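**Student:** Take this structure first; my questions come after.
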Amino acid sequence: MVITLDDDKREQIVMGKGIAFKKRIGDWVPDESIDQVFYLANQETSLKFQELLGNIPLEMMKLSDDIIVYAKSTLKKSLNDTIYISLTDHLYTALERKKQGIAIKNLLLWDIKRFFPEEYEVGVNALKMVQKRVGMELSTDEAGFIALHLVNAEMEEEVGNIYELTKLMQEITNIVKYYFKVSFDEDSVYFYRFSTHLKFFCYRLLHQREVVENDDEELYAVIKKKYLNAYRCVEKISLYLNENYDYQVSNEERLYLTIHIARIVQTTEQ
């Protein structure tokens, strides 16, 4: 691996077998010796990526890059450069865990499949690419993890909306806190699940990404009855969003918000 400048004086990371052999600063790197090229606009990301390259095989880098290229062309969205670090590191770790017989359950899989179907589909096809290239089959939980990395990279790329996203998440969290008169342990896995779902919800709201309604009125009625207090809190949230963001919260979204709020409150009150 070497750091070079292209014809337009842009910094790039190039990789290839023996590419740095007998090379000095300022030497020309012939195209035929280059196997892979990475352009990372952010200096901090570039440094982290270089550190990662020292610990992960070239083939894994190529696989991750191919998945990212496929994701960009399929989703037709820009992805933040951090995806090169997060996805590559995740894939390598997932395969190492697989070799050791360790399985990690994706607690957000249902949310991801339901609310980000396009990213999840990319994740499913990414697993096929993994199996074809390295001969190892990963579970659908990993398709969800890949989708999660893609969604996070989409969010990070839209820097202008990060403030609005954070502000909206805080507003909703405060409604829940004041309604139930509780404080959350923000280091707990339960708060992580709640805040991740909330991030998904706020992202969709700010980008007007509609959820396809589930016509299961019976399920909606059961959840409403079982978690009545949480449902009433969601009603307050829905009213607030309607008045301040002109957003109508769907029954599907009410259902999942109710479930997640009920869980976080129950674990906090225990």
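Following the order of the structure tokens, chains are lettered A, B, ..., residues in each are numbered from 1, and ligands are numbered from 1.
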Applying 9 Å and only C-alpha atoms, which residues near stretch 92-101 of chain A remain after dropping the ones on its own chain fewer than 4 positions away? List them as a count of residues only.
**Tutor:** 9
**Student:** Would you mind listing what lies within 12 Å of A:Lys224 as a list in words, with only C-alpha atoms counted and same-chain residues fewer than 3 positions away left out?
**Tutor:**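 Counting only C-alpha atoms, the residues come to Glu217, Glu218, Leu219, Tyr220, Ala221, Tyr227, Leu228, Asn229, Ala230, Tyr231, Arg232, Cys233, Val234, Glu235, Asn251, Glu252, Arg254, Leu255, Tyr256, Leu257, Thr258, Ile259 and Ala262 of chain A.
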**Student:** Per DSSP on the backbone, filter stretch 109-265 of chain A down to the residues in helix (DSSP H, G or I) and report them as an NGL selection string.
**Tutor:** :A and (109-115 or 117-134 or 140-157 or 159-180 or 189-206 or 217-226 or 228-245 or 251-265)
**Student:** Might you pull out every residue within 7 Å of A:Leu150, with only C-alpha atoms counted and same-chain residues fewer than 4 positions away left off, and present them as an MDAnalysis selection string?
**Tutor:** chainID A and resid 119 146 154
**Student:** May I have the selected residues written with N, CA and C atoms, as a short mmCIF file (atom, residue, chain, number, x, y, z; two decimals), in the first residue's frame?
**Tutor:**
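Once written, selection_39.cif looks like this:
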```cif
data_model
loop_
_atom_site.label_atom_id
_atom_site.label_comp_id
_atom_site.auth_asym_id
_atom_site.auth_seq_id
_atom_site.Cartn_x
_atom_site.Cartn_y
_atom_site.Cartn_z
N GLU A 119 -31.97 -0.85 1.34
CA GLU A 119 -30.65 -1.09 1.92
C GLU A 119 -30.52 -2.55 2.36
N ILE A 146 -25.18 -4.98 7.50
CA ILE A 146 -24.66 -4.27 6.32
C ILE A 146 -25.58 -3.11 5.96
N GLU A 154 -25.36 7.00 4.69
CA GLU A 154 -26.26 7.94 4.01
C GLU A 154 -26.50 9.16 4.89
#
```
**Student:** Which of these, A:Lys177, A:Leu91, A:Leu79, A:Arg204, has the shortest distance to A:Val134 once you count only C-alpha atoms?
**Tutor:**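 Counting only C-alpha atoms, the residue closest to A:Val134 is A:Leu91.
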**Student:** Please, what distance in Å, to one decimal, runs between atom CA of A:Val69 and atom CA of A:Pro117?
**Tutor:** 18.3 Å
**Student:** Counting only C-alpha atoms, which of A:Asn80, A:Asn125, A:His149, A:Ile172 gets nearest to A:Leu239?
**Tutor:**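 Comparing A:Asn80, A:Asn125, A:His149, A:Ile172 against A:Leu239, the winner is A:Ile172.
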